file my_file14.cif (mmCIF, C-alpha atoms)
data_start
#
loop_
_atom_site.group_PDB
_atom_site.id
_atom_site.type_symbol
_atom_site.label_atom_id
_atom_site.label_comp_id
_atom_site.auth_asym_id
_atom_site.auth_seq_id
_atom_site.Cartn_x
_atom_site.Cartn_y
_atom_site.Cartn_z
ATOM 1 C CA MET H 1 56.722 30.381 34.698
ATOM 2 C CA SER H 2 57.924 27.121 36.156
ATOM 3 C CA PHE H 3 59.331 24.267 34.100
ATOM 4 C CA ILE H 4 56.223 22.147 34.689
ATOM 5 C CA GLN H 5 53.913 24.967 33.620
ATOM 6 C CA HIS H 6 56.073 25.588 30.549
ATOM 7 C CA ARG H 7 55.999 21.924 29.489
ATOM 8 C CA SER H 8 52.235 21.831 30.074
ATOM 9 C CA SER H 9 51.756 24.894 27.876
ATOM 10 C CA GLU H 10 54.044 23.410 25.214
ATOM 11 C CA SER H 11 52.077 20.161 25.269
ATOM 12 C CA ILE H 12 48.778 22.016 24.909
ATOM 13 C CA GLU H 13 50.133 23.892 21.914
ATOM 14 C CA ASP H 14 51.419 20.695 20.282
ATOM 15 C CA TYR H 15 48.016 19.019 20.669
ATOM 16 C CA LEU H 16 46.153 22.046 19.331
ATOM 17 C CA GLU H 17 48.488 22.325 16.342
ATOM 18 C CA THR H 18 48.047 18.610 15.599
ATOM 19 C CA ILE H 19 44.254 18.869 15.815
ATOM 20 C CA LEU H 20 44.278 21.835 13.430
ATOM 21 C CA LEU H 21 46.520 20.047 10.925
ATOM 22 C CA LEU H 22 44.415 16.878 11.079
ATOM 23 C CA GLN H 23 41.198 18.873 10.609
ATOM 24 C CA ARG H 24 42.679 20.537 7.540
ATOM 25 C CA ARG H 25 43.899 17.215 6.165
ATOM 26 C CA THR H 26 40.923 14.956 6.890
ATOM 27 C CA GLY H 27 38.051 17.199 7.954
ATOM 28 C CA GLN H 28 37.290 15.281 11.135
ATOM 29 C CA VAL H 29 39.477 14.359 14.095
ATOM 30 C CA ARG H 30 39.160 11.687 16.769
ATOM 31 C CA SER H 31 41.443 10.920 19.693
ATOM 32 C CA ILE H 32 42.810 7.867 17.887
ATOM 33 C CA ASP H 33 43.852 10.082 14.968
ATOM 34 C CA ILE H 34 45.779 12.326 17.344
ATOM 35 C CA ALA H 35 47.394 9.339 19.064
ATOM 36 C CA THR H 36 48.491 7.942 15.713
ATOM 37 C CA GLU H 37 49.770 11.288 14.412
ATOM 38 C CA MET H 38 51.747 12.118 17.559
ATOM 39 C CA ASN H 39 52.754 8.526 18.308
ATOM 40 C CA PHE H 40 51.227 8.750 21.789
ATOM 41 C CA SER H 41 49.165 6.196 23.673
ATOM 42 C CA LYS H 42 45.378 6.452 23.534
ATOM 43 C CA PRO H 43 45.155 6.930 27.332
ATOM 44 C CA SER H 44 47.640 9.847 27.193
ATOM 45 C CA VAL H 45 45.632 11.521 24.446
ATOM 46 C CA SER H 46 42.406 10.919 26.361
ATOM 47 C CA VAL H 47 43.805 12.740 29.397
ATOM 48 C CA ALA H 48 45.038 15.583 27.186
ATOM 49 C CA MET H 49 41.642 15.928 25.482
ATOM 50 C CA LYS H 50 39.947 16.160 28.878
ATOM 51 C CA ASN H 51 42.413 18.914 29.792
ATOM 52 C CA LEU H 52 41.783 20.767 26.516
ATOM 53 C CA ARG H 53 37.997 20.498 27.026
ATOM 54 C CA GLU H 54 38.298 21.872 30.557
ATOM 55 C CA LYS H 55 40.372 24.790 29.280
ATOM 56 C CA GLY H 56 37.776 25.541 26.606
ATOM 57 C CA TYR H 57 40.028 24.774 23.622
ATOM 58 C CA ILE H 58 38.008 21.884 22.165
ATOM 59 C CA THR H 59 34.575 20.345 22.152
ATOM 60 C CA MET H 60 33.937 16.655 21.723
ATOM 61 C CA ALA H 61 30.788 15.339 20.104
ATOM 62 C CA ASP H 62 28.973 12.247 21.328
ATOM 63 C CA ASN H 63 30.428 10.356 18.344
ATOM 64 C CA GLY H 64 33.974 11.203 19.524
ATOM 65 C CA TYR H 65 34.807 13.844 16.940
ATOM 66 C CA ILE H 66 36.888 16.742 18.233
ATOM 67 C CA THR H 67 36.413 20.345 17.176
ATOM 68 C CA LEU H 68 38.528 23.338 18.104
ATOM 69 C CA THR H 69 36.674 26.174 19.807
ATOM 70 C CA GLU H 70 37.381 29.703 18.624
ATOM 71 C CA SER H 71 40.059 30.187 21.302
ATOM 72 C CA GLY H 72 41.521 26.766 20.504
ATOM 73 C CA ARG H 73 41.649 27.560 16.797
ATOM 74 C CA GLN H 74 43.290 30.934 17.423
ATOM 75 C CA ARG H 75 45.991 29.394 19.605
ATOM 76 C CA ALA H 76 46.538 26.519 17.147
ATOM 77 C CA GLU H 77 46.830 28.892 14.199
ATOM 78 C CA SER H 78 49.303 31.050 16.107
ATOM 79 C CA VAL H 79 51.492 28.035 16.896
ATOM 80 C CA LEU H 80 51.248 26.768 13.311
ATOM 81 C CA GLU H 81 52.208 30.199 11.955
ATOM 82 C CA ARG H 82 55.273 30.266 14.213
ATOM 83 C CA HIS H 83 56.228 26.719 13.271
ATOM 84 C CA THR H 84 55.850 27.357 9.537
ATOM 85 C CA LEU H 85 57.734 30.644 9.506
ATOM 86 C CA LEU H 86 60.563 29.378 11.716
ATOM 87 C CA SER H 87 61.036 26.115 9.814
ATOM 88 C CA ASP H 88 60.997 27.978 6.464
ATOM 89 C CA TRP H 89 63.573 30.432 7.803
ATOM 90 C CA LEU H 90 65.855 27.652 9.046
ATOM 91 C CA ILE H 91 65.614 25.839 5.708
ATOM 92 C CA ARG H 92 66.433 29.069 3.831
ATOM 93 C CA ILE H 93 69.598 29.554 5.842
ATOM 94 C CA GLY H 94 70.783 26.044 5.060
ATOM 95 C CA VAL H 95 69.413 23.786 7.787
ATOM 96 C CA SER H 96 68.183 20.395 6.555
ATOM 97 C CA ARG H 97 64.396 20.064 6.341
ATOM 98 C CA ASP H 98 64.138 17.413 9.085
ATOM 99 C CA THR H 99 66.318 19.378 11.501
ATOM 100 C CA ALA H 100 64.534 22.638 10.661
ATOM 101 C CA LEU H 101 61.124 21.114 11.405
ATOM 102 C CA GLU H 102 62.349 19.654 14.687
ATOM 103 C CA ASP H 103 64.110 22.832 15.800
ATOM 104 C CA ALA H 104 61.177 25.048 14.815
ATOM 105 C CA CYS H 105 58.975 22.944 17.077
ATOM 106 C CA LYS H 106 61.330 23.649 19.978
ATOM 107 C CA ILE H 107 61.711 27.365 19.247
ATOM 108 C CA GLU H 108 58.029 28.123 18.582
ATOM 109 C CA HIS H 109 57.122 27.629 22.235
ATOM 110 C CA ASP H 110 59.872 29.786 23.726
ATOM 111 C CA LEU H 111 60.236 32.691 21.320
ATOM 112 C CA SER H 112 58.794 35.952 22.609
ATOM 113 C CA GLU H 113 56.008 37.640 20.689
ATOM 114 C CA GLU H 114 58.327 40.613 20.097
ATOM 115 C CA SER H 115 61.049 38.461 18.518
ATOM 116 C CA PHE H 116 58.566 36.488 16.438
ATOM 117 C CA GLU H 117 56.951 39.666 15.093
ATOM 118 C CA ALA H 118 60.399 41.082 14.227
ATOM 119 C CA ILE H 119 61.307 37.898 12.309
ATOM 120 C CA LYS H 120 57.912 37.906 10.597
ATOM 121 C CA ASN H 121 58.256 41.571 9.599
ATOM 122 C CA TYR H 122 61.776 40.913 8.312
ATOM 123 C CA PHE H 123 60.433 38.193 6.013
ATOM 124 C CA ILE H 124 57.577 40.390 4.826
ATOM 125 C CA GLN H 125 60.040 43.178 3.964
ATOM 126 C CA LYS H 126 62.390 40.729 2.177
ATOM 127 C CA SER H 127 59.482 39.326 0.146
ATOM 128 C CA SER H 128 58.323 42.760 -1.006
#

call {"tool": "encode", "arguments": {"input": "my_file14.cif", "output": "structure tokens"}}
result
Amino acid sequence: MSFIQHRSSESIEDYLETILLLQRRTGQVRSIDIATEMNFSKPSVSVAMKNLREKGYITMADNGYITLTESGRQRAESVLERHTLLSDWLIRIGVSRDTALEDACKIEHDLSEESFEAIKNYFIQKSS
């Protein structure tokens, strides 16, 4: 995967995760909500939403409300699960909350499925 493709995939995941979190928090999501949450310009978010629609990750109603499709929700939930588990792990080993959240966001996009599942299983075993 090239650097540009990787960054594009990372950006998609960040948008999907943000949409999911906003939907859980407020129930409905518009482009302006995403722009505010991510501190991005409205035109940048508009372009991203067009991209997400074309990829089948979201639908947009005539009134501007955004909904994740099933594939969009699955990808968003996967990214959120990675982010949550990784940030919790970093905090548990002594990393400050702010740094842990920031680093988890970086790691969640690059960590292989095999490594993530091993970390996840380790936590499940430790919790039992």

call {"tool": "atom_distance", "arguments": {"input": "my_file14.cif", "atom1": "atom CA of Ser9 of chain H", "atom2": "atom CA of Arg75 of chain H"}}
result
11.0 Å

call {"tool": "closest_residue", "arguments": {"input": "my_file14.cif", "among": "H:Glu102, H:Gly27, H:Arg82, H:Leu90", "to": "Ser115 of chain H", "atoms": "all atoms listed in the file"}}
result
H:Arg82

call {"tool": "residues_around", "arguments": {"input": "my_file14.cif", "residues": "Arg30 of chain H", "least_positions_apart": "2", "cutoff": "12 Å", "atoms": "all atoms listed in the file", "output": "compact mmCIF listing (two decimals) with C-alpha atoms, in the frame of the given file"}}
result
# COMPACT_ATOMS: atom_id res chain seq x y z
CA THR H 18 48.05 18.61 15.60
CA ILE H 19 44.25 18.87 15.82
CA LEU H 20 44.28 21.84 13.43
CA LEU H 22 44.42 16.88 11.08
CA GLN H 23 41.20 18.87 10.61
CA THR H 26 40.92 14.96 6.89
CA GLY H 27 38.05 17.20 7.95
CA GLN H 28 37.29 15.28 11.14
CA ILE H 32 42.81 7.87 17.89
CA ASP H 33 43.85 10.08 14.97
CA ILE H 34 45.78 12.33 17.34
CA ALA H 35 47.39 9.34 19.06
CA THR H 36 48.49 7.94 15.71
CA GLU H 37 49.77 11.29 14.41
CA LYS H 42 45.38 6.45 23.53
CA VAL H 45 45.63 11.52 24.45
CA SER H 46 42.41 10.92 26.36
CA MET H 49 41.64 15.93 25.48
CA ILE H 58 38.01 21.88 22.16
CA THR H 59 34.58 20.34 22.15
CA MET H 60 33.94 16.66 21.72
CA ALA H 61 30.79 15.34 20.10
CA ASP H 62 28.97 12.25 21.33
CA ASN H 63 30.43 10.36 18.34
CA GLY H 64 33.97 11.20 19.52
CA TYR H 65 34.81 13.84 16.94
CA ILE H 66 36.89 16.74 18.23
CA THR H 67 36.41 20.34 17.18
CA LEU H 68 38.53 23.34 18.10

call {"tool": "resolve_selection", "arguments": {"input": "my_file14.cif", "expression": "the PyMOL selection byres ((chain H and resi 79) around 12)", "output": "PyMOL selection string"}}
result
chain H and resi 9-21+72-78+80-86+104-111+113+116

call {"tool": "atom_distance", "arguments": {"input": "my_file14.cif", "atom1": "atom CA of Lys55 of chain H", "atom2": "atom CA of Met38 of chain H"}}
result
20.7 Å

call {"tool": "residues_around", "arguments": {"input": "my_file14.cif", "residues": "Arg97 of chain H", "least_positions_apart": "4", "cutoff": "8 Å", "atoms": "only C-alpha atoms", "output": "count of residues only"}}
result
3

call {"tool": "atom_distance", "arguments": {"input": "my_file14.cif", "atom1": "atom CA of Glu117 of chain H", "atom2": "atom CA of Ala100 of chain H"}}
result
19.2 Å

call {"tool": "resolve_selection", "arguments": {"input": "my_file14.cif", "expression": "the PyMOL selection byres ((chain H and resi 123-125) around 12)", "output": "PDB file with C-alpha atoms, in the coordinates of the input"}}
result
ATOM      1  CA  LEU H  85      57.734  30.644   9.506  1.00  0.00           C
ATOM      2  CA  LEU H  86      60.563  29.378  11.716  1.00  0.00           C
ATOM      3  CA  ASP H  88      60.997  27.978   6.464  1.00  0.00           C
ATOM      4  CA  TRP H  89      63.573  30.432   7.803  1.00  0.00           C
ATOM      5  CA  ARG H  92      66.433  29.069   3.831  1.00  0.00           C
ATOM      6  CA  PHE H 116      58.566  36.488  16.438  1.00  0.00           C
ATOM      7  CA  GLU H 117      56.951  39.666  15.093  1.00  0.00           C
ATOM      8  CA  ALA H 118      60.399  41.082  14.227  1.00  0.00           C
ATOM      9  CA  ILE H 119      61.307  37.898  12.309  1.00  0.00           C
ATOM     10  CA  LYS H 120      57.912  37.906  10.597  1.00  0.00           C
ATOM     11  CA  ASN H 121      58.256  41.571   9.599  1.00  0.00           C
ATOM     12  CA  TYR H 122      61.776  40.913   8.312  1.00  0.00           C
ATOM     13  CA  LYS H 126      62.390  40.729   2.177  1.00  0.00           C
ATOM     14  CA  SER H 127      59.482  39.326   0.146  1.00  0.00           C
ATOM     15  CA  SER H 128      58.323  42.760  -1.006  1.00  0.00           C
TER      16      SER H 128
END

call {"tool": "axis_aligned_box", "arguments": {"input": "my_file14.cif", "around": "segment 28-35 of chain H", "padding_each_side": "3 Å", "output": "AutoDock Vina command-line options"}}
result
--center_x 42.3 --center_y 11.6 --center_z 15.4 --size_x 16.1 --size_y 13.4 --size_z 14.6
